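A.B. asks: My structure is below; once you've seen it, I'll send some questions.
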Amino acid sequence: MLDYLWITFYVIIFLQCLYYLIFLTPLLGAKQNNNRNRNPISVVVCAKNEAQNLKKFIPHFLQQKYSAPFEIVLINDRSTDETGEIISQFAQNNSNIKIVNVEECENFWGNKKYALTLGIKAAQYEHLLFTDADCYPTSENWIEQMASCFSKKKSIVLGYGGYEKIKNSFLNKLIRYETVLTALQYFSYSKAGIPYMGVGRNLAYTKSEFFKVNGFIKHIKIKSGDDDLFINEIADSSNTSINLSFDSTTTSIPKNSFKDWILQKRRHISTASHYKAHHKILLATFYLTQIITLIAPFVLLFFTADVKFILIPLFIRYAILFLSFGLFSKKLKEMDLILWIPFLEISLIFIQLYLYLINRISIPTNWK
C-alpha cells in the first residue's frame with residue numbers, strides 16, 4: 001500500500017509539472033498580431049447601478065486612440081441609481097455614445113444576457129468589444145490592440161481583465177492570483193487549439209458569431225455565463241485569437257470584502273458544470289492533482305523520516321510553477337504575486353473546494 005502511495009505521489013507531481021509546462025510552451029511562442037486592417041468597433045458596456053463607476057470610466061473609453069470609427073453602446077439594465085442620468089449626460093456631449101435602456105421583462109427577470117442581447121442588436125457595427133461597467137482600459141490603445149486580432153478567420157478575441165492593486169491586502173493578492181491563473185489556463189488552452197472560455201471584462205467577437213448560434217438561447221435560463229459559456233459554445237481552434245499585450249488589458253475594481261468576492265466567484269464557477277465534457281475533464285484533473293499534491297506529503301511524512309524524497313519533487317514542481325506563472329505574470333505586470341504563490345495556491349485550493357460544495361446546495365440567481 002505504501003508503495004502505491006509513493007508511486008501516486010510521484011505520478012501526480014509529474015502530471016503537475018507537465019501541466020504547467022504545457023501552459024507555458026504555447027504562450028512563449030505567441031506572437032503579437034500586427035494586422036493593420038481596422039474595422040469599425042462597437043464597445044458594449046452593460047451597467048446595473050454603476051453610476052459612480054461610469055462617471056469615472058466612460059472618459060477612458062472616449063479617449064481611446066483608434067484609427068477607425070467606434071461607438072460606445074451603454075446598456076442601462078433597469079438601474080435604480082443615477083446610471084441613466086450619468087450616461088445621458090455623456091451622450092449629450094458625445095455623438096458616438098448609444099444608450100440602450102432595458103425595461104422589465106418577466107420572462108428574463110434579472111438576466112444580464114437579455115440586456116446584452118438588446119445591446120448587441122442595437123450596436124451599429126459587426127465587430128463587438130465587451131467590458132464591464134466597473135472596468136476601464138489600461139491603455140488608450142485598448143481598442144486598437146484588441147481589434148488588431150480580428151481577421152477573416154479570427155472572429156473571437158480573448159483579452160485579459162485584471163484588477164487594481166491594493167497594498168497590504170491578502171484578499172487583493174488572492175483575487176489577482178486567481179485571475180492570473182485562470183487567464184494562464186484559458187490563454188494557453190486557446191493557443192493550443194482548445195479554447196474553452198473568455199471573460200466579459202475584456203472580450204471581443206462578431207455579430208455574425210452571435211447570431212449564428214441564436215445568441216445566448218442555449219443557456220438563457222442560466223443567470224451567469226454570458227462570457228464563458230458563450231465562448232465555450234462557439235470558440236474553436238480556427239476562429240479564436242488571443243492578445244497578450246499589456247496595452248490590450250482592462251482593469252477592474254476588486255471586491256474589498258471576502259464575502260462579496262465569494263459570492264462573485266460562486267456565480268462564476270456555477271457555469272463550469274455546463275462546459276464541454278473534455279474541458280471539464282482537463283480542468284477537474286488539474287484541480288484534483290493540486291489537492292493530492294497538497295495532501296500527499298503530509299501523509300507520507302508518517303511513513304518516512306527521510307524528507308528529501310518528498311521535498312525534492314515538491315521543489316521541482318514549485319520551480320516549474322514559479323517559471324510558468326512568473327513569465328506569464330511579467331507580461332501582465334503582476335510580478336508582485338510571485339513570492340506569495342505557495343500561500344495563495346493553498347488558500348485558493350481550499351476556497352475552490354468550499355465554493356464547489358456550497359454551490360451544490362444552492363446557486364446564486366442574480367447577475368449583480
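The way I read the labels, and the way they are meant: chains A, B, ... in the order of the C-alpha cells, residue 1 as the first residue of every chain, and ligand 1 as the first ligand shown, with later ones counted on from there.
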Please list as number ranges by chain every residue within 8 Å of stretch 126-138 of chain A, counting only C-alpha atoms and excluding residues in the same chain fewer than 5 positions away.
C.D. replies: A: 39-47, 50, 53-54, 57-58, 60-61, 120, 143, 146, 200-208, 246-253
A.B. asks: With C-alpha atoms retained, write the just-selected residues as a short mmCIF file (atom, residue, chain, number, x, y, z; two decimals), in the first residue's frame.
C.D. replies:
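Saved file result_8.cif follows:
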```cif
data_model
loop_
_atom_site.label_atom_id
_atom_site.label_comp_id
_atom_site.auth_asym_id
_atom_site.auth_seq_id
_atom_site.Cartn_x
_atom_site.Cartn_y
_atom_site.Cartn_z
CA ASN A 39 -12.81 47.53 -38.63
CA PRO A 40 -15.35 49.87 -37.05
CA ILE A 41 -15.95 48.69 -33.48
CA SER A 42 -18.93 48.79 -31.12
CA VAL A 43 -17.77 48.80 -27.48
CA VAL A 44 -20.58 47.24 -25.44
CA VAL A 45 -20.88 48.01 -21.71
CA CYS A 46 -23.71 46.60 -19.60
CA ALA A 47 -24.43 48.52 -16.39
CA GLU A 50 -23.00 51.67 -11.73
CA ASN A 53 -18.03 53.84 -11.88
CA LEU A 54 -19.48 55.07 -15.17
CA PHE A 57 -14.61 55.25 -16.55
CA ILE A 58 -16.62 56.48 -19.56
CA HIS A 60 -11.38 56.28 -20.60
CA PHE A 61 -13.46 54.85 -23.45
CA ILE A 120 -25.81 43.71 -29.39
CA ILE A 143 -9.47 49.14 -28.82
CA MET A 146 -7.99 44.11 -29.41
CA GLY A 200 -16.63 39.57 -20.09
CA ARG A 201 -14.26 42.19 -18.69
CA ASN A 202 -12.29 42.00 -21.93
CA LEU A 203 -13.74 40.01 -24.80
CA ALA A 204 -14.48 40.59 -28.48
CA TYR A 205 -16.44 38.75 -31.16
CA THR A 206 -18.53 39.48 -34.22
CA LYS A 207 -22.27 39.89 -34.53
CA SER A 208 -22.24 37.07 -37.05
CA PHE A 246 -0.38 44.85 -21.75
CA ASP A 247 -1.99 47.65 -23.78
CA SER A 248 -4.86 45.28 -24.61
CA THR A 249 -5.81 44.71 -20.95
CA THR A 250 -8.57 46.17 -18.81
CA THR A 251 -8.54 46.87 -15.07
CA SER A 252 -11.47 46.30 -12.72
CA ILE A 253 -12.37 47.44 -9.24
#
```
A.B. asks: Excluding A:Glu140 and residues on its chain fewer than 2 positions from it, collect all residues at most 6 Å away from it, counting only C-alpha atoms, and give them as a CSV table (one decimal) with N, CA and C atoms, in the first residue's frame.
C.D. replies:
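Once everything was written out, this is around.csv:
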```csv
chain,number,residue,atom,x,y,z
A,64,GLN,N,-10.0,56.8,-26.2
A,64,GLN,CA,-9.3,55.8,-27.0
A,64,GLN,C,-8.8,56.3,-28.3
A,65,LYS,N,-7.6,55.9,-28.7
A,65,LYS,CA,-7.0,56.3,-30.0
A,65,LYS,C,-7.2,55.1,-30.9
A,142,TRP,N,-6.3,50.4,-26.2
A,142,TRP,CA,-7.0,49.1,-25.9
A,142,TRP,C,-7.8,48.7,-27.1
```
A.B. asks: For atom CA of A:Pro342 and atom CA of A:Ile292, quote the distance in Å rounded to one decimal.
C.D. replies: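 Going from atom CA of A:Pro342 over to atom CA of A:Ile292 covers 14.9 Å.
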A.B. asks: List the neighbours of A:Gln89 out to 12 Å using only C-alpha atoms; skip same-chain residues closer than 4 positions along the sequence, and give me the result as a PDB file with N, CA and C atoms, in the first residue's frame.
C.D. replies:
```pdb
ATOM      1  N   ALA A  51     -23.524  54.016 -11.414  1.00  0.00           N
ATOM      2  CA  ALA A  51     -23.403  55.443 -11.695  1.00  0.00           C
ATOM      3  C   ALA A  51     -22.004  55.983 -11.394  1.00  0.00           C
ATOM      4  N   LEU A  54     -19.314  54.538 -13.813  1.00  0.00           N
ATOM      5  CA  LEU A  54     -19.480  55.071 -15.168  1.00  0.00           C
ATOM      6  C   LEU A  54     -18.981  56.512 -15.257  1.00  0.00           C
ATOM      7  N   LYS A  55     -19.233  57.273 -14.236  1.00  0.00           N
ATOM      8  CA  LYS A  55     -18.777  58.668 -14.220  1.00  0.00           C
ATOM      9  C   LYS A  55     -17.254  58.738 -14.344  1.00  0.00           C
ATOM     10  N   ILE A  58     -16.215  56.156 -18.195  1.00  0.00           N
ATOM     11  CA  ILE A  58     -16.619  56.482 -19.564  1.00  0.00           C
ATOM     12  C   ILE A  58     -15.581  57.363 -20.265  1.00  0.00           C
ATOM     13  N   GLU A  82     -28.391  56.542 -10.248  1.00  0.00           N
ATOM     14  CA  GLU A  82     -28.301  57.624 -11.234  1.00  0.00           C
ATOM     15  C   GLU A  82     -27.622  57.185 -12.537  1.00  0.00           C
ATOM     16  N   THR A  83     -27.548  55.896 -12.782  1.00  0.00           N
ATOM     17  CA  THR A  83     -26.906  55.396 -14.001  1.00  0.00           C
ATOM     18  C   THR A  83     -27.507  56.033 -15.251  1.00  0.00           C
ATOM     19  N   GLY A  84     -28.828  56.062 -15.331  1.00  0.00           N
ATOM     20  CA  GLY A  84     -29.497  56.628 -16.507  1.00  0.00           C
ATOM     21  C   GLY A  84     -29.120  58.075 -16.748  1.00  0.00           C
ATOM     22  N   GLU A  85     -29.099  58.866 -15.683  1.00  0.00           N
ATOM     23  CA  GLU A  85     -28.758  60.286 -15.812  1.00  0.00           C
ATOM     24  C   GLU A  85     -27.297  60.474 -16.230  1.00  0.00           C
ATOM     25  N   ASN A  93     -23.065  65.022 -25.038  1.00  0.00           N
ATOM     26  CA  ASN A  93     -21.829  65.677 -25.474  1.00  0.00           C
ATOM     27  C   ASN A  93     -20.953  64.814 -26.370  1.00  0.00           C
ATOM     28  N   ASN A  94     -21.371  63.584 -26.622  1.00  0.00           N
ATOM     29  CA  ASN A  94     -20.568  62.671 -27.437  1.00  0.00           C
ATOM     30  C   ASN A  94     -21.474  61.889 -28.383  1.00  0.00           C
ATOM     31  N   SER A  95     -21.340  62.173 -29.658  1.00  0.00           N
ATOM     32  CA  SER A  95     -22.240  61.579 -30.650  1.00  0.00           C
ATOM     33  C   SER A  95     -22.002  60.087 -30.856  1.00  0.00           C
ATOM     34  N   ILE A  97     -21.818  57.845 -28.535  1.00  0.00           N
ATOM     35  CA  ILE A  97     -22.408  57.064 -27.446  1.00  0.00           C
ATOM     36  C   ILE A  97     -23.850  56.728 -27.796  1.00  0.00           C
ATOM     37  N   LYS A  98     -24.184  55.464 -27.683  1.00  0.00           N
ATOM     38  CA  LYS A  98     -25.552  54.998 -27.914  1.00  0.00           C
ATOM     39  C   LYS A  98     -26.079  54.388 -26.621  1.00  0.00           C
ATOM     40  N   ILE A  99     -27.285  54.771 -26.235  1.00  0.00           N
ATOM     41  CA  ILE A  99     -27.883  54.292 -24.990  1.00  0.00           C
ATOM     42  C   ILE A  99     -28.960  53.252 -25.286  1.00  0.00           C
TER      43      ILE A  99
END
```
A.B. asks: Would you mind listing, for every residue of stretch 16-115 of chain A within 8 Å of stretch 181-196 of chain A, the two atoms forming the shortest contact and the distance between them in Å to one decimal, using only C-alpha atoms, sorted by chain and ascending residue number, as JSON lines?
C.D. replies:
```
{"residue": "A:Ile22", "atom": "CA", "partner": "A:Ser188", "partner_atom": "CA", "distance": 7.8}
{"residue": "A:Phe23", "atom": "CA", "partner": "A:Ser188", "partner_atom": "CA", "distance": 5.2}
{"residue": "A:Leu24", "atom": "CA", "partner": "A:Ser188", "partner_atom": "CA", "distance": 7.2}
{"residue": "A:Pro26", "atom": "CA", "partner": "A:Lys191", "partner_atom": "CA", "distance": 5.9}
{"residue": "A:Leu27", "atom": "CA", "partner": "A:Ser188", "partner_atom": "CA", "distance": 6.0}
{"residue": "A:Ala30", "atom": "CA", "partner": "A:Lys191", "partner_atom": "CA", "distance": 7.7}
```
A.B. asks: Write the residues of the selection above to a file with C-alpha atoms, as a PDB file, in the first residue's frame.
C.D. replies:
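Now in part.pdb:
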```
ATOM      1  CA  ILE A  22       2.029  22.687 -21.323  1.00  0.00           C
ATOM      2  CA  PHE A  23       0.621  26.008 -20.112  1.00  0.00           C
ATOM      3  CA  LEU A  24       3.921  27.763 -20.680  1.00  0.00           C
ATOM      4  CA  PRO A  26       2.307  27.745 -26.311  1.00  0.00           C
ATOM      5  CA  LEU A  27       2.429  31.198 -24.738  1.00  0.00           C
ATOM      6  CA  ALA A  30       2.814  33.567 -29.006  1.00  0.00           C
TER       7      ALA A  30
END
```
A.B. asks: How many Å lie between atom CA of A:Lys265 and atom CA of A:Phe230, rounded to one decimal?
C.D. replies: 17.9 Å
A.B. asks: Using only C-alpha atoms, which of A:Tyr287, A:Tyr125, A:Phe90, A:Tyr19 sits nearest A:Glu71?
C.D. replies: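 When distances to A:Glu71 are compared using only C-alpha atoms, the smallest one comes from A:Tyr125.
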A.B. asks: Do a neighbour search on A:Val180 at 12 Å with only C-alpha atoms, toss out local chain neighbours closer than 3 positions, and write the hits as an MDAnalysis selection string.
C.D. replies: chainID A and resid 159:163 173:177 183:188 199 244 324:338 341 344:345
A.B. asks: Let's see if you can do this: from backbone DSSP, list all helix (DSSP H, G or I) residues in stretch 167-217 of chain A, as a VMD selection string.
C.D. replies: chain A and resid 170 to 191 207 to 212 217
A.B. asks: I'd like the neighbourhood of A:Thr8 as a PyMOL selection string, where a residue qualifies if any of its atoms comes within 12 Å (using only C-alpha atoms), though same-chain residues fewer than 2 positions away should be ignored.
C.D. replies: chain A and resi 1-6+10-15+289+292-293+295-297+299-300
